[in-house]
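Structure file start_25.txt; described as compact mmCIF, C-alpha atoms and all ligand atoms.
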```
# COMPACT_ATOMS: atom_id res chain seq x y z
CA MET T 1 -36.35 -48.50 -43.33
CA ALA T 2 -38.15 -45.18 -43.63
CA ASN T 3 -35.75 -42.31 -44.36
CA HIS T 4 -32.70 -44.56 -44.16
CA LEU T 5 -30.07 -43.66 -46.71
CA LEU T 6 -26.80 -45.25 -47.77
CA ILE T 7 -24.21 -43.21 -49.67
CA LYS T 8 -21.73 -45.77 -50.91
CA ASN T 9 -18.26 -45.72 -52.44
CA GLY T 10 -17.81 -41.96 -52.12
CA HIS T 11 -14.57 -40.16 -51.36
CA VAL T 12 -15.47 -38.99 -47.86
CA ILE T 13 -13.68 -35.90 -46.57
CA ASP T 14 -14.44 -34.93 -42.97
CA PRO T 15 -11.70 -32.75 -41.47
CA ALA T 16 -13.34 -32.73 -38.01
CA ASN T 17 -12.86 -36.50 -37.82
CA ARG T 18 -9.61 -36.53 -39.81
CA LEU T 19 -11.23 -38.68 -42.46
CA ASP T 20 -10.11 -38.62 -46.08
CA ALA T 21 -10.89 -41.99 -47.64
CA GLN T 22 -13.18 -43.91 -49.94
CA CYS T 23 -15.98 -45.35 -47.83
CA ASP T 24 -19.73 -45.49 -47.16
CA VAL T 25 -22.00 -43.26 -45.09
CA LEU T 26 -25.13 -44.62 -43.46
CA ILE T 27 -27.81 -42.08 -42.53
CA LEU T 28 -30.67 -43.20 -40.29
CA ASP T 29 -33.65 -40.85 -39.88
CA GLY T 30 -31.64 -37.88 -41.09
CA LYS T 31 -28.62 -38.46 -38.86
CA VAL T 32 -25.22 -39.87 -39.79
CA SER T 33 -25.12 -43.25 -38.10
CA GLU T 34 -22.01 -44.96 -39.47
CA VAL T 35 -19.08 -44.02 -41.67
CA GLY T 36 -16.71 -46.65 -42.99
CA ARG T 37 -16.61 -49.73 -45.15
CA LEU T 38 -20.07 -51.17 -44.49
CA ASN T 39 -20.97 -54.70 -45.50
CA GLY T 40 -23.24 -55.31 -48.48
CA GLY T 41 -26.15 -56.42 -46.30
CA VAL T 42 -26.74 -52.83 -45.19
CA GLU T 43 -28.16 -51.97 -48.62
CA LYS T 44 -31.20 -54.15 -47.98
CA THR T 45 -32.02 -52.26 -44.77
CA VAL T 46 -32.26 -48.76 -46.27
CA SER T 47 -34.90 -47.04 -48.36
CA ARG T 48 -32.45 -45.36 -50.71
CA VAL T 49 -28.92 -45.96 -51.98
CA ILE T 50 -26.77 -43.32 -53.68
CA ASP T 51 -23.72 -44.60 -55.55
CA ALA T 52 -21.12 -41.85 -55.00
CA THR T 53 -18.30 -43.54 -56.93
CA ASN T 54 -15.87 -40.84 -58.17
CA LYS T 55 -17.73 -38.21 -56.14
CA LEU T 56 -16.85 -36.30 -53.00
CA VAL T 57 -18.96 -36.72 -49.86
CA VAL T 58 -18.36 -33.80 -47.49
CA PRO T 59 -20.01 -32.17 -44.48
CA GLY T 60 -22.27 -29.17 -45.19
CA LEU T 61 -20.15 -26.39 -46.69
CA ILE T 62 -19.97 -22.89 -45.24
CA ASP T 63 -19.83 -19.78 -47.42
CA ILE T 64 -18.74 -16.76 -45.40
CA HIS T 65 -19.41 -14.20 -48.16
CA VAL T 66 -22.71 -13.97 -50.05
CA HIS T 67 -24.97 -11.13 -51.17
CA PHE T 68 -28.65 -12.05 -50.85
CA ARG T 69 -29.93 -8.51 -51.62
CA GLU T 70 -32.69 -8.56 -49.02
CA PRO T 71 -33.96 -6.13 -47.85
CA GLY T 72 -34.26 -3.70 -50.73
CA ASP T 73 -33.28 -5.46 -53.95
CA GLU T 74 -35.47 -8.55 -53.84
CA GLU T 75 -35.80 -8.49 -57.64
CA GLU T 76 -32.14 -9.57 -57.76
CA GLU T 77 -32.10 -12.16 -54.97
CA THR T 78 -33.97 -12.90 -51.77
CA ILE T 79 -32.86 -14.75 -48.68
CA ALA T 80 -35.18 -17.57 -49.80
CA SER T 81 -33.86 -17.79 -53.39
CA GLY T 82 -30.25 -17.40 -52.28
CA SER T 83 -30.67 -20.12 -49.66
CA THR T 84 -32.12 -22.42 -52.32
CA ALA T 85 -29.05 -21.83 -54.51
CA ALA T 86 -26.80 -22.42 -51.50
CA VAL T 87 -28.39 -25.74 -50.65
CA ALA T 88 -28.20 -26.85 -54.29
CA ALA T 89 -24.44 -26.29 -54.10
CA GLY T 90 -23.98 -28.11 -50.78
CA PHE T 91 -23.79 -25.08 -48.49
CA THR T 92 -25.57 -25.45 -45.17
CA SER T 93 -24.40 -22.14 -43.67
CA VAL T 94 -23.97 -18.76 -45.34
CA VAL T 95 -22.95 -15.32 -44.11
CA CYS T 96 -24.79 -12.47 -45.85
CA MET T 97 -23.08 -9.15 -46.48
CA PRO T 98 -24.76 -6.02 -45.12
CA ASN T 99 -24.76 -3.92 -48.32
CA THR T 100 -28.51 -4.22 -48.68
CA ASN T 101 -30.91 -1.34 -49.10
CA PRO T 102 -31.03 -0.11 -46.37
CA ALA T 103 -27.76 -1.51 -45.04
CA ILE T 104 -27.70 -3.92 -42.09
CA GLU T 105 -26.64 -1.48 -39.38
CA SER T 106 -28.79 -2.15 -36.31
CA GLU T 107 -29.73 -5.07 -34.09
CA THR T 108 -33.24 -5.17 -35.63
CA ASP T 109 -31.68 -5.43 -39.10
CA VAL T 110 -29.57 -8.38 -37.93
CA GLU T 111 -32.61 -10.03 -36.37
CA TYR T 112 -34.58 -9.47 -39.59
CA VAL T 113 -32.05 -11.44 -41.66
CA HIS T 114 -31.87 -14.21 -39.06
CA ARG T 115 -35.67 -14.47 -38.96
CA LYS T 116 -35.96 -14.57 -42.75
CA GLY T 117 -33.28 -17.24 -42.81
CA ARG T 118 -35.11 -19.36 -40.25
CA GLN T 119 -38.34 -19.01 -42.24
CA THR T 120 -36.71 -20.43 -45.38
CA ARG T 121 -35.70 -23.57 -43.44
CA LYS T 122 -32.95 -24.38 -45.95
CA THR T 123 -29.56 -23.18 -44.72
CA HIS T 124 -28.29 -21.48 -41.60
CA VAL T 125 -28.33 -17.80 -42.57
CA TYR T 126 -25.96 -15.49 -40.71
CA VAL T 127 -25.12 -11.87 -41.41
CA MET T 128 -22.37 -9.34 -40.94
CA GLY T 129 -23.25 -5.82 -39.86
CA ALA T 130 -22.02 -2.64 -41.51
CA ILE T 131 -18.98 -1.03 -39.91
CA THR T 132 -20.29 2.45 -40.58
CA LYS T 133 -23.74 3.99 -40.83
CA LYS T 134 -25.15 3.63 -44.36
CA ARG T 135 -21.73 2.16 -45.25
CA GLU T 136 -20.64 5.74 -45.87
CA GLY T 137 -17.34 5.32 -44.05
CA ALA T 138 -17.80 8.24 -41.68
CA GLU T 139 -19.53 7.24 -38.44
CA LEU T 140 -19.42 3.84 -36.74
CA ALA T 141 -22.66 1.84 -36.74
CA GLU T 142 -23.96 0.18 -33.55
CA MET T 143 -21.37 -2.58 -33.61
CA GLY T 144 -21.87 -3.64 -29.99
CA LEU T 145 -25.65 -4.04 -30.27
CA MET T 146 -25.32 -5.89 -33.57
CA ALA T 147 -22.69 -8.18 -32.06
CA GLU T 148 -25.09 -8.97 -29.20
CA ALA T 149 -27.79 -9.74 -31.77
CA GLY T 150 -25.48 -12.27 -33.39
CA ALA T 151 -23.75 -10.39 -36.23
CA ARG T 152 -20.82 -12.57 -37.32
CA GLY T 153 -18.53 -9.61 -37.92
CA PHE T 154 -18.51 -6.21 -39.58
CA THR T 155 -17.79 -4.97 -43.06
CA ASP T 156 -18.78 -2.18 -45.43
CA ASP T 157 -18.28 -4.69 -48.27
CA GLY T 158 -19.02 -3.30 -51.67
CA ASN T 159 -17.10 -0.31 -50.37
CA GLY T 160 -13.64 -0.28 -48.89
CA LEU T 161 -13.50 1.72 -45.65
CA GLN T 162 -11.36 4.62 -46.86
CA ASN T 163 -10.87 6.56 -43.64
CA ALA T 164 -7.92 5.17 -41.64
CA ALA T 165 -9.04 6.84 -38.40
CA VAL T 166 -12.50 5.26 -38.64
CA MET T 167 -10.95 1.87 -39.40
CA GLN T 168 -8.69 2.22 -36.37
CA ARG T 169 -11.72 2.99 -34.20
CA ALA T 170 -13.60 0.01 -35.65
CA LEU T 171 -10.68 -2.31 -34.87
CA LYS T 172 -10.57 -1.03 -31.28
CA TYR T 173 -14.30 -1.71 -30.88
CA ALA T 174 -13.87 -5.10 -32.53
CA LYS T 175 -11.29 -5.98 -29.92
CA MET T 176 -13.63 -4.90 -27.13
CA PHE T 177 -16.44 -7.13 -28.44
CA ASP T 178 -14.11 -9.87 -29.68
CA VAL T 179 -15.51 -9.68 -33.19
CA VAL T 180 -13.83 -9.44 -36.57
CA VAL T 181 -13.70 -6.47 -38.92
CA ALA T 182 -13.67 -7.52 -42.57
CA GLN T 183 -12.53 -5.30 -45.37
CA HIS T 184 -13.18 -5.01 -49.10
CA CYS T 185 -9.68 -3.70 -49.78
CA GLN T 186 -9.97 -0.96 -52.35
CA ASP T 187 -8.48 2.51 -52.23
CA ASN T 188 -11.05 4.45 -54.24
CA CYS T 189 -8.69 7.24 -55.30
CA TYR T 190 -6.22 4.72 -56.65
CA ALA T 191 -8.91 2.50 -58.20
CA GLY T 192 -10.41 5.53 -59.95
CA SER T 193 -13.05 4.59 -62.49
CA GLY T 194 -11.45 1.23 -63.26
CA VAL T 195 -13.77 -1.53 -64.44
CA MET T 196 -11.24 -4.35 -64.84
CA ASN T 197 -7.68 -5.22 -63.89
CA ALA T 198 -5.12 -2.67 -65.09
CA GLY T 199 -2.75 -4.45 -67.43
CA TYR T 200 -2.22 -5.79 -70.92
CA HIS T 201 -5.87 -6.74 -71.50
CA SER T 202 -7.36 -3.45 -70.24
CA THR T 203 -4.98 -1.62 -72.58
CA ILE T 204 -5.96 -3.77 -75.56
CA LEU T 205 -9.69 -3.42 -74.76
CA GLY T 206 -9.47 0.31 -74.11
CA LEU T 207 -11.17 -0.07 -70.73
CA PRO T 208 -10.11 1.84 -67.59
CA GLY T 209 -8.06 -0.41 -65.34
CA MET T 210 -7.99 -0.93 -61.59
CA ASP T 211 -4.40 -1.34 -60.44
CA ALA T 212 -3.42 -4.10 -58.01
CA MET T 213 -2.05 -1.31 -55.81
CA ALA T 214 -5.62 -0.13 -55.07
CA GLU T 215 -6.11 -3.38 -53.14
CA GLU T 216 -2.62 -3.75 -51.74
CA ALA T 217 -2.30 -0.16 -50.44
CA MET T 218 -5.42 -0.55 -48.32
CA LEU T 219 -4.45 -4.00 -47.11
CA TRP T 220 -1.00 -2.70 -46.11
CA ARG T 221 -2.59 0.23 -44.24
CA ASP T 222 -5.06 -2.01 -42.44
CA ILE T 223 -2.34 -4.44 -41.36
CA GLN T 224 -0.49 -1.52 -39.75
CA LEU T 225 -3.72 -0.60 -37.92
CA VAL T 226 -4.08 -4.20 -36.72
CA ARG T 227 -0.49 -4.05 -35.50
CA LYS T 228 -1.39 -0.91 -33.55
CA THR T 229 -4.77 -1.96 -32.14
CA GLY T 230 -4.68 -5.76 -31.91
CA GLY T 231 -8.21 -5.93 -33.39
CA ARG T 232 -9.16 -9.01 -35.42
CA TYR T 233 -9.13 -8.35 -39.16
CA HIS T 234 -10.27 -10.34 -42.18
CA ALA T 235 -9.23 -9.41 -45.73
CA GLN T 236 -12.10 -10.31 -48.04
CA HIS T 237 -11.54 -11.71 -51.54
CA ILE T 238 -7.81 -10.98 -51.86
CA SER T 239 -6.88 -11.15 -55.51
CA THR T 240 -3.26 -10.17 -56.12
CA ALA T 241 0.19 -11.67 -55.66
CA GLY T 242 1.13 -8.59 -53.63
CA SER T 243 -1.79 -9.16 -51.23
CA VAL T 244 -0.64 -12.74 -50.71
CA GLU T 245 2.78 -11.48 -49.62
CA LEU T 246 1.23 -8.94 -47.23
CA ILE T 247 -0.88 -11.68 -45.64
CA ARG T 248 2.16 -13.97 -45.49
CA GLN T 249 4.12 -11.35 -43.56
CA ALA T 250 1.18 -10.48 -41.26
CA LYS T 251 0.79 -14.13 -40.33
CA LYS T 252 4.52 -14.50 -39.84
CA ASP T 253 4.24 -11.60 -37.39
CA SER T 254 1.41 -13.47 -35.60
CA LEU T 255 -1.08 -10.67 -36.21
CA PRO T 256 -4.80 -11.55 -35.88
CA VAL T 257 -5.28 -11.40 -39.65
CA SER T 258 -7.19 -13.85 -41.85
CA CYS T 259 -8.15 -13.84 -45.51
CA GLU T 260 -10.41 -15.43 -48.07
CA VAL T 261 -10.12 -16.12 -51.81
CA THR T 262 -12.97 -16.57 -54.29
CA PRO T 263 -13.13 -19.40 -56.83
CA HIS T 264 -13.34 -16.87 -59.68
CA HIS T 265 -10.10 -15.18 -58.65
CA LEU T 266 -8.45 -18.59 -58.45
CA LEU T 267 -9.67 -19.97 -61.75
CA LEU T 268 -10.27 -17.01 -64.09
CA THR T 269 -8.03 -14.22 -65.37
CA ASP T 270 -8.59 -10.76 -66.86
CA GLU T 271 -8.33 -12.34 -70.31
CA CYS T 272 -11.99 -13.41 -69.75
CA CYS T 273 -13.00 -9.76 -70.21
CA SER T 274 -11.78 -9.89 -73.84
CA THR T 275 -15.31 -10.56 -75.10
CA TYR T 276 -16.73 -7.70 -73.00
CA ASP T 277 -18.85 -10.31 -71.20
CA THR T 278 -20.09 -8.42 -68.15
CA ASN T 279 -20.41 -11.62 -66.11
CA TYR T 280 -16.65 -11.26 -65.69
CA LYS T 281 -16.96 -7.73 -64.32
CA VAL T 282 -16.28 -8.27 -60.64
CA SER T 283 -14.79 -6.30 -57.78
CA PRO T 284 -11.95 -6.78 -57.11
CA PRO T 285 -11.38 -7.49 -60.80
CA LEU T 286 -10.15 -10.74 -62.30
CA ARG T 287 -6.38 -10.46 -62.30
CA ALA T 288 -3.41 -11.70 -64.31
CA GLN T 289 -2.15 -15.28 -64.53
CA LYS T 290 0.69 -14.56 -62.09
CA ASP T 291 -1.88 -13.51 -59.49
CA THR T 292 -3.96 -16.68 -59.84
CA GLU T 293 -0.76 -18.72 -59.52
CA ALA T 294 0.16 -16.81 -56.34
CA LEU T 295 -3.31 -17.43 -54.87
CA LYS T 296 -3.06 -21.15 -55.60
CA GLN T 297 0.37 -21.24 -53.97
CA ALA T 298 -1.05 -19.36 -50.96
CA ILE T 299 -3.67 -22.08 -50.54
CA ALA T 300 -1.01 -24.77 -50.83
CA ASP T 301 1.03 -22.91 -48.18
CA GLY T 302 -1.95 -22.78 -45.80
CA LEU T 303 -2.16 -18.97 -45.87
CA VAL T 304 -5.78 -18.78 -47.03
CA ASP T 305 -8.31 -19.26 -44.25
CA ALA T 306 -11.42 -19.71 -46.41
CA LEU T 307 -12.69 -20.02 -49.93
CA ALA T 308 -15.75 -17.79 -50.29
CA SER T 309 -18.00 -17.25 -53.29
CA ASP T 310 -18.75 -13.50 -53.05
CA HIS T 311 -22.00 -14.56 -54.74
CA ALA T 312 -23.32 -11.23 -56.03
CA PRO T 313 -26.30 -11.58 -58.39
CA HIS T 314 -27.74 -8.75 -60.46
CA LEU T 315 -30.68 -8.43 -62.82
CA GLN T 316 -30.03 -9.78 -66.30
CA SER T 317 -31.08 -6.39 -67.68
CA GLU T 318 -28.32 -4.73 -65.62
CA LYS T 319 -25.71 -7.24 -66.73
CA GLU T 320 -26.78 -6.68 -70.36
CA LEU T 321 -25.54 -3.10 -70.18
CA GLU T 322 -22.19 -2.29 -71.80
CA PHE T 323 -19.10 -3.25 -69.80
CA LEU T 324 -18.50 0.28 -68.50
CA ALA T 325 -22.04 0.66 -67.13
CA ALA T 326 -22.83 -2.88 -65.89
CA PRO T 327 -22.64 -3.49 -62.14
CA PHE T 328 -19.81 -5.50 -60.55
CA GLY T 329 -20.64 -9.03 -59.41
CA ILE T 330 -20.92 -12.66 -60.41
CA ALA T 331 -23.64 -15.12 -59.33
CA SER T 332 -21.42 -17.97 -58.29
CA LEU T 333 -22.95 -19.92 -55.41
CA GLU T 334 -24.10 -22.86 -57.49
CA CYS T 335 -20.77 -23.34 -59.25
CA ALA T 336 -18.55 -22.71 -56.24
ZN ZN S 1 -16.30 -7.01 -51.77
ZN ZN S 2 -18.91 -9.05 -51.57
```
Turn the structure described in the file into structure tokens.
Amino acid sequence: MANHLLIKNGHVIDPANRLDAQCDVLILDGKVSEVGRLNGGVEKTVSRVIDATNKLVVPGLIDIHVHFREPGDEEEETIASGSTAAVAAGFTSVVCMPNTNPAIESETDVEYVHRKGRQTRKTHVYVMGAITKKREGAELAEMGLMAEAGARGFTDDGNGLQNAAVMQRALKYAKMFDVVVAQHCQDNCYAGSGVMNAGYHSTILGLPGMDAMAEEAMLWRDIQLVRKTGGRYHAQHISTAGSVELIRQAKKDSLPVSCEVTPHHLLLTDECCSTYDTNYKVSPPLRAQKDTEALKQAIADGLVDALASDHAPHLQSEKELEFLAAPFGIASLECA
């Protein structure tokens, strides 16, 4: 009876076992023992019963894009606090981004994050390595050694990798090590000093806008580099209707391209910035209604490989700055 748990009447979704039905889950000593319509007598044999009527019961969720700020900015988030938030939201595996301080750019950095993750004993904590040293976009980091140490891929996230020649080299290396290069698609020249989506609302608010083209131009360029090199490529947090069409074509061409979408880009629009609430200042920015509709359609069409939170917490004092000065990012793990 000890540690035996019955979750009854839940809507159980388990893609690995092709299960999508209302049923019960019996857990004995921490392990799933039976899934199905169990008879009422089972209740008397367990120590705890959870009535999951009108609730979803799913396997541990995986978030492939979080910022846990350790090492360097532990006042914002640590691997321990981030893991606690992840578990509270049902995530049992997370992939940390390497834009820490210093950046994750060596095998010892990768091992550091893994060790910290193991010490928290909450979620599986994985990490991506930086593509370039200090995420400066100039010189490749030790991708091979980091891959051997278990880095789940490479990205300069927080920055888009501007230099096409460096990206081409990274994709060639990625192919050699059979790892993925992930990109925060943002052409800095085109994005300029934008702090929100360029459009009707940025004009009304008098805030500098970031045009959809800043994302789409880089995504288009990278897809051509994938075509040339055959390296695996993942477009992080795509946010525009144009990006959806680029991904659609890349997949039609059978290129090794995948993409993710965040819940905030699916559910919120740039109208949220109307109150100058800096919690809505994210990168890429919240877009227009037509973009959220295109992202939803992309999910319905099976084009989106993952939903990812891009959980990016900052200090409250930083987010209390005016919209122009506040940092980009939304703390979203627990509401994902
Ligand atoms: Zn990013
Ligand atoms: Zn990010």
Study note, to complete from the structure: In Å and to one decimal, CA of His114 (chain T) is distant from CA of Ala85 (chain T) by 17.5 Å
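Between CA of Glu148 (chain T) and CA of Glu105 (chain T) lies a distance of 12.7 Å.
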Practice item. Within 7 Å of Leu246 (chain T), counting all atoms listed in the file, which residues show up once you throw out same-chain ones fewer than 4 positions away? Write them as a PyMOL selection string, please. Key: chain T and resi 220+242+250
Residues just named, written with C-alpha atoms as a PDB file, in the coordinates of the input:
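File out_37.pdb, as written:
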```pdb
ATOM      1  CA  TRP T 220      -1.000  -2.700 -46.110  1.00  0.00           C
ATOM      2  CA  GLY T 242       1.130  -8.590 -53.630  1.00  0.00           C
ATOM      3  CA  ALA T 250       1.180 -10.480 -41.260  1.00  0.00           C
TER       4      ALA T 250
END
```
**Study point:** Shell of 10 Å around ligand ZN 2 (chain S) (only C-alpha atoms and all ligand atoms), written as a ChimeraX atom specification
**Key:** /T:64-67,96-99,155-159,183-184,236-237,262,282-284,308-312,328-330
Box for region 24-28 of chain T: with edges along x, y and z, all listed atoms inside and 3 Å added on each side, what are the centre and edge lengths in Å to one decimal, as lines of an AutoDock Vina configuration file?
```
center_x = -25.2
center_y = -43.8
center_z = -43.7
size_x = 16.9
size_y = 9.4
size_z = 12.9
```
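With distances taken over all atoms listed in the file, T:Leu5 is the one residue among T:Ala182, T:Leu5, T:Met213, T:Val166 lying closest to Asp51 (chain T).
Taking CA of Leu28 (chain T) and CA of Glu43 (chain T) as the two end points, the separation is 12.4 Å.
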Practice item. For each of T:Ala174, T:Leu161, T:Val57, T:Met167, take the minimum atom-to-atom distance to ligand ZN 1 (chain S), counting all atoms listed in the file, then give the residue where this is smallest. Key: T:Leu161
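Nearest-residue note for Leu140 (chain T): choosing from T:Lys122, T:Arg169, T:Arg48, T:Lys296, the minimum distance belongs to T:Arg169, counting all atoms listed in the file.
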Review point. Smallest atom-to-atom distance to ligand ZN 1 (chain S): which of T:Cys185, T:Ala198, T:Ala214, T:Ala241, using all atoms listed in the file?
Key: T:Cys185
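With all atoms listed in the file as the basis for measurement, T:Val261 is the residue among T:Leu145, T:Val261, T:Leu205, T:Ala294 that approaches ligand ZN 1 (chain S) most closely.
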Revision key, fill the gap. Counting only C-alpha atoms, the residue among T:Ala151, T:Ala191, T:Ala165, T:Leu225 that lies closest to Val179 (chain T) is T:Ala151
Practice item. Extract, using all atoms listed in the file, all DNA, RNA and protein residues at most 8 Å from Val180 (chain T), discarding same-chain residues fewer than 2 positions from it, and format them as a PyMOL selection string. Key: chain T and resi 152-154+171+174-175+178+182+231-234
Exercise for review: Determine, counting all atoms listed in the file, which protein, DNA and RNA residues have an atom within 12 Å of an atom of Ile204 (chain T); residues of the same chain fewer than 2 positions away are not included. Present the result as an MDAnalysis selection string.
Suggested key: chainID T and resid 196:202 206:209 270:271 273:276
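Residues of protein, DNA and RNA with at least one atom no farther than 7 Å from (-22.0, -28.1, -53.9) are, using only C-alpha atoms, Ala88, Ala89, Gly90, Phe91, Glu334 and Ala336 of chain T.
Proximity to Thr292 (chain T) at 9 Å, evaluated using only C-alpha atoms and with sequence-adjacent residues fewer than 5 positions away removed, yields Ser239, Thr240, Ala241, His265, Leu266, Leu267, Leu268, Thr269, Leu286, Arg287 and Gln297 of chain T.
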Output region 188-196 of chain T as a short mmCIF file (atom, residue, chain, number, x, y, z; two decimals), in the coordinates of the input, making sure all heavy atoms are there.
```cif
data_model
loop_
_atom_site.label_atom_id
_atom_site.label_comp_id
_atom_site.auth_asym_id
_atom_site.auth_seq_id
_atom_site.Cartn_x
_atom_site.Cartn_y
_atom_site.Cartn_z
N ASN T 188 -10.24 3.91 -53.14
CA ASN T 188 -11.05 4.45 -54.24
C ASN T 188 -10.29 5.43 -55.11
O ASN T 188 -10.49 5.47 -56.33
CB ASN T 188 -12.30 5.13 -53.68
CG ASN T 188 -13.32 4.10 -53.22
OD1 ASN T 188 -13.19 2.92 -53.50
ND2 ASN T 188 -14.32 4.55 -52.49
N CYS T 189 -9.44 6.26 -54.49
CA CYS T 189 -8.69 7.24 -55.30
C CYS T 189 -7.80 6.51 -56.29
O CYS T 189 -7.72 6.86 -57.46
CB CYS T 189 -7.85 8.14 -54.40
SG CYS T 189 -8.86 9.25 -53.43
N TYR T 190 -7.15 5.44 -55.79
CA TYR T 190 -6.22 4.72 -56.65
C TYR T 190 -6.98 3.88 -57.68
O TYR T 190 -6.54 3.73 -58.82
CB TYR T 190 -5.30 3.84 -55.81
CG TYR T 190 -3.95 3.65 -56.45
CD1 TYR T 190 -2.92 4.55 -56.21
CD2 TYR T 190 -3.73 2.62 -57.35
CE1 TYR T 190 -1.70 4.41 -56.83
CE2 TYR T 190 -2.50 2.47 -57.97
CZ TYR T 190 -1.49 3.36 -57.71
OH TYR T 190 -0.29 3.23 -58.34
N ALA T 191 -8.13 3.33 -57.27
CA ALA T 191 -8.91 2.50 -58.20
C ALA T 191 -9.54 3.35 -59.29
O ALA T 191 -9.75 2.90 -60.42
CB ALA T 191 -10.00 1.74 -57.44
N GLY T 192 -9.82 4.61 -58.97
CA GLY T 192 -10.41 5.53 -59.95
C GLY T 192 -11.69 4.96 -60.53
O GLY T 192 -12.51 4.39 -59.83
N SER T 193 -11.83 5.08 -61.83
CA SER T 193 -13.05 4.59 -62.49
C SER T 193 -12.80 3.24 -63.15
O SER T 193 -13.50 2.86 -64.09
CB SER T 193 -13.53 5.61 -63.53
OG SER T 193 -12.46 5.85 -64.45
N GLY T 194 -11.81 2.51 -62.65
CA GLY T 194 -11.45 1.23 -63.26
C GLY T 194 -12.60 0.23 -63.26
O GLY T 194 -13.36 0.16 -62.30
N VAL T 195 -12.70 -0.53 -64.34
CA VAL T 195 -13.77 -1.53 -64.44
C VAL T 195 -13.22 -2.94 -64.59
O VAL T 195 -13.97 -3.91 -64.59
CB VAL T 195 -14.73 -1.24 -65.62
CG1 VAL T 195 -15.50 0.05 -65.37
CG2 VAL T 195 -13.98 -1.18 -66.95
N MET T 196 -11.88 -3.03 -64.76
CA MET T 196 -11.24 -4.35 -64.84
C MET T 196 -9.79 -4.18 -64.38
O MET T 196 -9.36 -3.08 -64.07
CB MET T 196 -11.30 -4.92 -66.26
CG MET T 196 -10.50 -4.15 -67.29
SD MET T 196 -10.46 -4.96 -68.92
CE MET T 196 -9.43 -6.40 -68.60
#
```
